[in-house]
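Report on the following structure.
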Amino acid sequence: MYRSFIPLRIPSSFRFAAHVLGALFIVQFGIASEQQNELRITADDFHGTLDGGAVISGNVSLQHGELELAADEVRIVMDGNSFKELQAKGEPAQCRFEILEEGNNRTVVAQATTINVQLDNRWIEFKGNARVESDDITIEGDVIRFDIDKKELEAESGDSGKQIEILMRDLDTATTEESAE
Amino acid sequence: MVSQYLRILTGCVFLVLVAACGWGDKTASPSDEFTDESRIGISGATLQEYDEDGTLMFQAVASSITQTQNSDRIDFENIEIDVALEDGTRWALEAPSGVIEMKESEDWKDGQRQVRLAGAVTATSFEHEEQVFQLQGRDLLYNPESQSLSSQSPVTIATNSATFSAGRFEFDLETQELHLSATDTNRVQIVYSATNP
C-alpha cells in the first residue's frame, strides 16, 4: 500500500523533458530485439493487404514483445517488410509493457485516446487524456511521449489547457509500511 | 451481370470439350461413358472462360466433369483453376470438387456467376514461378468477373511474413486487398513476423 505521495503540478503548456523521470526507465524495451519482433493481433475485423498496412478493429488486442495493447482500432503502417507505426484508438486505448531497470522488471501501464507507437523512430506517444503509471510514478496530461532509446519521458498540455499532473510515490516509505503490515 | 454471350461462349467451349475429350477418348475411363441419356460425364476435361473482349478469365482443369440434362449445373472433380492476372501474377486454386451454376443461384453475387470450390481448398499465388501467398480454406467462392475469392468458412492465409486466420473472408486477387471477419467461433488472428532494423 502506497501512502506517501508527492504530487507535482506543471504549468500549462510547459514541456517537461523528464531526465530524472527518464532515469527511472532504464529500458531494454521488448520491441527492440529481432527475436521479439513478432506481432500478434486478435480482433473482430481486418481490412488491409497481405503485405502492406491494415486497419484492424473490434476488441483489438495486440502483443509485440513485451508490449501489450488493447484498443477499439489499430492501424498498422509498414515499410516494406518492416513495421513502421502502430496507431491505436480507443475509449481509452490501453497499453502495458515491461521495462528492465537495473536487472528488475518494471511494469508500465498507460492509457490514452490514441496511442502511437513509432517503431522505426522508437518512441511512444500517448495523446488525449493520457495517463502513464508505474510503480512509483503516475503522469497525466494531454500528451505524453516516451523515447525508448533516450529513456526520456516528455509530457505536455495540449489545447485543453489541462495541467500536467505528476504523482510520485515514496517507495521507501511504502516498502517500510508494507513490511510493517 | 454476365452476359448471355458469355453463357453461350462457355457452353460452346464446354460442348467442344465434350466432343473433343468425351467422344475422342471413350475408353480412357468408365466416367467417359454416358451413364444415361440425361447425364454426361467426361474425364480429363478443360474449361476455358473468356470475357466479352475475348480475354481468357480462367482455365479450369478437372479429373472429371458431370452435367445432367435439363440442369444448369456443372460438377467438377479434382478441379484446378489457373488464373493469370494482367500484372503477371498467377493463382492456382485447387479443390476436391467444384460447381458452376450456369443460371442465377445463391452462388451468384451481384448478378455475377461464381465457381463454388467445395471441401478443402488451396489457393496459391506465384510471381515469376515463385510462390508468394498460400491460402487454405473450405468452401470458397471464386468470382471470375471481379477476380475475387470469398468464404463464410474458416480460412488461413500464409505469406512470407504473416499468417492470417478468420471465420470468413473476402480477398481481391488483383489488388490483394483482404477483408477478414470474426464469427462466433473464430476471431480474426494475425501474426506478423516482419523484420525491423
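By order of appearance in the C-alpha cells: chains A, B, ..., then residues from 1 within every chain, and ligands from 1 in the order shown.
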Residues of chain B that approach chain A to 7 Å or less, counting only C-alpha atoms: could you list each one with the shortest pair of atoms and its distance in Å to one decimal, rows by chain and increasing residue number, as CSV?
residue,atom,partner,partner_atom,distance
B:Gln176,CA,A:Thr49,CA,5.5
B:Glu177,CA,A:Thr49,CA,4.5
B:Leu178,CA,A:Gly48,CA,5.4
B:His179,CA,A:His47,CA,4.7
B:Leu180,CA,A:Phe46,CA,4.9
B:Ser181,CA,A:Asp45,CA,4.7
B:Ala182,CA,A:Asp44,CA,4.8
B:Arg187,CA,A:Asp44,CA,5.8
B:Val188,CA,A:Ala43,CA,5.1
B:Gln189,CA,A:Thr42,CA,4.6
B:Ile190,CA,A:Ile41,CA,5.1
B:Val191,CA,A:Arg40,CA,4.5
B:Tyr192,CA,A:Leu39,CA,4.9
B:Ser193,CA,A:Glu38,CA,4.5
B:Ala194,CA,A:Ser82,CA,5.2
B:Thr195,CA,A:Ser82,CA,5.1
B:Asn196,CA,A:Ser82,CA,4.8
Taking N, CA and C atoms for each residue, export the selection above as a PDB file, in the first residue's frame.
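selection.pdb, freshly written:
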ATOM      1  N   GLN B 176      -4.984  -7.496 -54.049  1.00  0.00           N
ATOM      2  CA  GLN B 176      -4.523  -8.180 -52.834  1.00  0.00           C
ATOM      3  C   GLN B 176      -5.121  -7.570 -51.572  1.00  0.00           C
ATOM      4  N   GLU B 177      -6.262  -6.943 -51.719  1.00  0.00           N
ATOM      5  CA  GLU B 177      -6.964  -6.414 -50.540  1.00  0.00           C
ATOM      6  C   GLU B 177      -7.729  -7.542 -49.865  1.00  0.00           C
ATOM      7  N   LEU B 178      -7.576  -7.571 -48.563  1.00  0.00           N
ATOM      8  CA  LEU B 178      -8.141  -8.673 -47.781  1.00  0.00           C
ATOM      9  C   LEU B 178      -9.079  -8.101 -46.723  1.00  0.00           C
ATOM     10  N   HIS B 179     -10.237  -8.735 -46.592  1.00  0.00           N
ATOM     11  CA  HIS B 179     -11.170  -8.377 -45.519  1.00  0.00           C
ATOM     12  C   HIS B 179     -11.456  -9.641 -44.725  1.00  0.00           C
ATOM     13  N   LEU B 180     -11.043  -9.631 -43.475  1.00  0.00           N
ATOM     14  CA  LEU B 180     -11.284 -10.767 -42.596  1.00  0.00           C
ATOM     15  C   LEU B 180     -12.330 -10.381 -41.567  1.00  0.00           C
ATOM     16  N   SER B 181     -13.199 -11.314 -41.232  1.00  0.00           N
ATOM     17  CA  SER B 181     -14.211 -11.043 -40.207  1.00  0.00           C
ATOM     18  C   SER B 181     -14.257 -12.200 -39.223  1.00  0.00           C
ATOM     19  N   ALA B 182     -14.610 -11.838 -37.994  1.00  0.00           N
ATOM     20  CA  ALA B 182     -14.745 -12.858 -36.959  1.00  0.00           C
ATOM     21  C   ALA B 182     -16.138 -13.467 -37.024  1.00  0.00           C
ATOM     22  N   ARG B 187     -12.231 -15.878 -34.174  1.00  0.00           N
ATOM     23  CA  ARG B 187     -11.874 -14.470 -34.250  1.00  0.00           C
ATOM     24  C   ARG B 187     -10.792 -14.260 -35.314  1.00  0.00           C
ATOM     25  N   VAL B 188     -10.587 -13.021 -35.663  1.00  0.00           N
ATOM     26  CA  VAL B 188      -9.504 -12.698 -36.594  1.00  0.00           C
ATOM     27  C   VAL B 188      -8.192 -12.772 -35.825  1.00  0.00           C
ATOM     28  N   GLN B 189      -7.267 -13.549 -36.338  1.00  0.00           N
ATOM     29  CA  GLN B 189      -5.953 -13.660 -35.703  1.00  0.00           C
ATOM     30  C   GLN B 189      -4.874 -13.431 -36.751  1.00  0.00           C
ATOM     31  N   ILE B 190      -3.946 -12.574 -36.408  1.00  0.00           N
ATOM     32  CA  ILE B 190      -2.874 -12.229 -37.347  1.00  0.00           C
ATOM     33  C   ILE B 190      -1.544 -12.321 -36.605  1.00  0.00           C
ATOM     34  N   VAL B 191      -0.586 -12.951 -37.225  1.00  0.00           N
ATOM     35  CA  VAL B 191       0.767 -12.985 -36.680  1.00  0.00           C
ATOM     36  C   VAL B 191       1.709 -12.459 -37.748  1.00  0.00           C
ATOM     37  N   TYR B 192       2.269 -11.289 -37.493  1.00  0.00           N
ATOM     38  CA  TYR B 192       3.272 -10.714 -38.395  1.00  0.00           C
ATOM     39  C   TYR B 192       4.645 -11.104 -37.874  1.00  0.00           C
ATOM     40  N   SER B 193       5.548 -11.365 -38.765  1.00  0.00           N
ATOM     41  CA  SER B 193       6.934 -11.600 -38.344  1.00  0.00           C
ATOM     42  C   SER B 193       7.862 -10.744 -39.182  1.00  0.00           C
ATOM     43  N   ALA B 194       7.514  -9.503 -39.315  1.00  0.00           N
ATOM     44  CA  ALA B 194       8.325  -8.582 -40.096  1.00  0.00           C
ATOM     45  C   ALA B 194       9.669  -8.332 -39.390  1.00  0.00           C
ATOM     46  N   THR B 195      10.622  -7.891 -40.150  1.00  0.00           N
ATOM     47  CA  THR B 195      11.950  -7.643 -39.607  1.00  0.00           C
ATOM     48  C   THR B 195      12.201  -6.160 -39.546  1.00  0.00           C
ATOM     49  N   ASN B 196      12.360  -5.671 -38.327  1.00  0.00           N
ATOM     50  CA  ASN B 196      12.683  -4.266 -38.172  1.00  0.00           C
ATOM     51  C   ASN B 196      14.197  -4.089 -38.033  1.00  0.00           C
TER      52      ASN B 196
END
- Message: I need the residue nearest Gln118 of chain A from this list: A:Met168, A:Ile76, A:Leu100, A:Val143. Use only C-alpha atoms for the distance.
- Response: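 Looking only at the distances to Gln118 of chain A, the closest residue turns out to be A:Ile76.
Each of B:Ala45, B:Ile74, B:Ala95, B:Leu56 was checked against Thr122 of chain B using only C-alpha atoms; the smallest atom-to-atom distance is that of B:Ala95.
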- In Å, how far is it from atom CA of Gln48 of chain B to atom CA of Ala60 of chain B?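 Straight-line distance from atom CA of Gln48 of chain B to atom CA of Ala60 of chain B works out to 6.4 Å.
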- Item | Shell of 10 Å around segment 81-92 of chain B, only C-alpha atoms, local chain residues under 5 positions omitted, as a ChimeraX atom specification | /B:46-48,56-62,98,115,117,122-134,142,144,147,173-174
- Query: What is the distance between atom CA of Lys103 of chain B and atom CA of Asn70 of chain B, in Å to one decimal?
  - Reply: 11.5 Å
- Selection near segment 104-109 of chain B, 12 Å with only C-alpha atoms, sequence-local residues under 4 positions removed, as a PyMOL selection string: chain B and resi 1-4+7+72-73+98-100+113-118+139-146+148-151
- Task: Just the strand (DSSP E) stuff from segment 47-178 of chain A, please, per backbone DSSP, written as number ranges by chain.
- Result: A: 47-49, 54-64, 67-79, 82-101, 104-118, 123-133, 137-147, 152-156, 164-169
Residue selection dump (C-alpha atoms) as a compact mmCIF listing (two decimals), in the first residue's frame:
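Output below, filename part_32.txt:
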# COMPACT_ATOMS: atom_id res chain seq x y z
CA HIS A 47 -9.09 -4.57 -43.71
CA GLY A 48 -5.77 -4.42 -45.48
CA THR A 49 -3.38 -6.02 -47.86
CA ALA A 54 -4.04 -2.57 -42.38
CA VAL A 55 -6.86 -1.25 -40.24
CA ILE A 56 -7.88 -3.73 -37.58
CA SER A 57 -10.94 -3.09 -35.46
CA GLY A 58 -13.23 -4.53 -32.83
CA ASN A 59 -11.80 -5.50 -29.45
CA VAL A 60 -8.28 -5.45 -30.77
CA SER A 61 -5.60 -6.98 -28.61
CA LEU A 62 -2.01 -6.77 -29.75
CA GLN A 63 1.20 -8.21 -28.43
CA HIS A 64 4.64 -7.22 -29.65
CA LEU A 67 4.25 -4.59 -25.34
CA GLU A 68 0.56 -5.39 -24.89
CA LEU A 69 -2.06 -3.14 -26.30
CA ALA A 70 -5.86 -3.14 -26.22
CA ALA A 71 -7.86 -0.80 -28.41
CA ASP A 72 -11.00 -0.35 -30.47
CA GLU A 73 -8.99 0.16 -33.63
CA VAL A 74 -5.37 -0.33 -34.61
CA ARG A 75 -3.81 0.93 -37.81
CA ILE A 76 -0.59 -0.74 -38.90
CA VAL A 77 1.80 1.12 -41.17
CA MET A 78 4.50 -0.96 -42.78
CA ASP A 79 7.55 -0.03 -44.80
CA SER A 82 9.31 -3.71 -41.50
CA PHE A 83 6.80 -2.29 -39.07
CA LYS A 84 6.82 1.48 -39.14
CA GLU A 85 3.99 2.56 -36.93
CA LEU A 86 1.11 1.31 -34.80
CA GLN A 87 -1.74 3.74 -34.23
CA ALA A 88 -4.24 2.63 -31.62
CA LYS A 89 -7.52 4.35 -30.81
CA GLY A 90 -9.92 3.63 -28.01
CA GLU A 91 -12.03 4.95 -25.18
CA PRO A 92 -9.40 4.63 -23.91
CA ALA A 93 -6.76 2.60 -25.69
CA GLN A 94 -4.68 0.80 -23.12
CA CYS A 95 -1.08 -0.24 -23.17
CA ARG A 96 1.17 -2.23 -20.90
CA PHE A 97 4.83 -3.03 -21.22
CA GLU A 98 7.71 -4.31 -19.17
CA ILE A 99 10.94 -2.41 -18.87
CA LEU A 100 14.17 -3.67 -17.44
CA GLU A 101 15.57 -1.42 -14.77
CA ASN A 104 14.49 -5.73 -12.36
CA ASN A 105 11.35 -5.76 -14.46
CA ARG A 106 9.14 -2.73 -14.07
CA THR A 107 5.61 -2.76 -15.41
CA VAL A 108 4.31 0.39 -17.05
CA VAL A 109 0.57 0.77 -17.66
CA ALA A 110 -0.71 3.57 -19.83
CA GLN A 111 -3.92 4.71 -21.43
CA ALA A 112 -5.00 7.45 -23.79
CA THR A 113 -7.47 8.19 -26.55
CA THR A 114 -4.74 7.44 -29.07
CA ILE A 115 -1.50 5.57 -28.61
CA ASN A 116 1.03 5.95 -31.38
CA VAL A 117 3.95 3.54 -31.34
CA GLN A 118 6.69 4.68 -33.72
CA TRP A 123 9.06 6.34 -29.30
CA ILE A 124 5.53 6.03 -27.99
CA GLU A 125 3.09 8.90 -27.85
CA PHE A 126 0.01 8.85 -25.63
CA LYS A 127 -2.47 11.53 -26.65
CA GLY A 128 -5.80 12.61 -25.22
CA ASN A 129 -6.44 12.13 -21.50
CA ALA A 130 -3.13 10.35 -21.33
CA ARG A 131 -2.06 8.58 -18.20
CA VAL A 132 1.19 6.68 -17.69
CA GLU A 133 1.67 4.80 -14.49
CA ILE A 137 5.03 7.49 -10.52
CA THR A 138 1.87 8.48 -12.34
CA ILE A 139 1.83 11.14 -15.03
CA GLU A 140 -1.32 12.58 -16.52
CA GLY A 141 -1.56 15.07 -19.35
CA ASP A 142 -2.86 15.73 -22.80
CA VAL A 143 0.26 14.37 -24.46
CA ILE A 144 2.92 12.10 -23.01
CA ARG A 145 5.83 10.81 -25.05
CA PHE A 146 8.27 8.14 -24.15
CA ASP A 147 11.54 7.91 -26.04
CA GLU A 152 13.19 10.19 -21.68
CA LEU A 153 9.63 10.94 -20.83
CA GLU A 154 8.00 14.14 -22.05
CA ALA A 155 4.64 15.45 -21.03
CA GLU A 156 2.82 18.49 -22.27
CA ILE A 164 0.18 18.09 -16.34
CA GLU A 165 -0.13 16.16 -13.14
CA ILE A 166 2.69 14.09 -11.75
CA LEU A 167 2.25 11.89 -8.76
CA MET A 168 5.41 10.46 -7.25
CA ARG A 169 5.22 7.82 -4.59
- Message: Can you tell me which residues surround Ser71 of chain B at a distance of at most 12 Å, considering only C-alpha atoms, apart from same-chain residues fewer than 4 positions away, and format the answer as a ChimeraX atom specification?
- Response: /B:38-40,66-67,75,100-103
Atoms kept (N, CA and C atoms) for selection, written as a CSV table (one decimal), in the first residue's frame:
chain,number,residue,atom,x,y,z
B,38,SER,N,-29.6,-38.7,-69.8
B,38,SER,CA,-29.7,-37.3,-69.3
B,38,SER,C,-28.4,-36.9,-68.5
B,39,ARG,N,-27.4,-37.7,-68.5
B,39,ARG,CA,-26.2,-37.3,-67.7
B,39,ARG,C,-25.0,-37.5,-68.6
B,40,ILE,N,-24.1,-36.5,-68.5
B,40,ILE,CA,-22.9,-36.6,-69.3
B,40,ILE,C,-21.7,-36.5,-68.4
B,66,THR,N,-19.2,-33.4,-64.8
B,66,THR,CA,-20.5,-34.1,-65.0
B,66,THR,C,-21.6,-33.0,-65.1
B,67,GLN,N,-22.4,-33.2,-66.1
B,67,GLN,CA,-23.6,-32.3,-66.3
B,67,GLN,C,-24.8,-33.1,-66.6
B,75,ASP,N,-20.7,-30.1,-62.5
B,75,ASP,CA,-19.9,-30.5,-61.4
B,75,ASP,C,-18.5,-31.0,-61.8
B,100,ILE,N,-20.2,-25.1,-61.0
B,100,ILE,CA,-20.6,-23.8,-61.7
B,100,ILE,C,-22.1,-23.9,-61.9
B,101,GLU,N,-22.8,-22.9,-61.4
B,101,GLU,CA,-24.2,-22.8,-61.7
B,101,GLU,C,-24.4,-21.9,-62.9
B,102,MET,N,-24.9,-22.4,-64.0
B,102,MET,CA,-25.0,-21.5,-65.2
B,102,MET,C,-26.1,-20.5,-65.1
B,103,LYS,N,-27.1,-20.8,-64.3
B,103,LYS,CA,-28.2,-19.9,-64.1
B,103,LYS,C,-28.1,-19.3,-62.7
- Task: Give me, please, the distance in Å between atom CA of Ala120 of chain B and atom CA of Arg168 of chain B, quoted to one decimal.
- Result: 14.4 Å
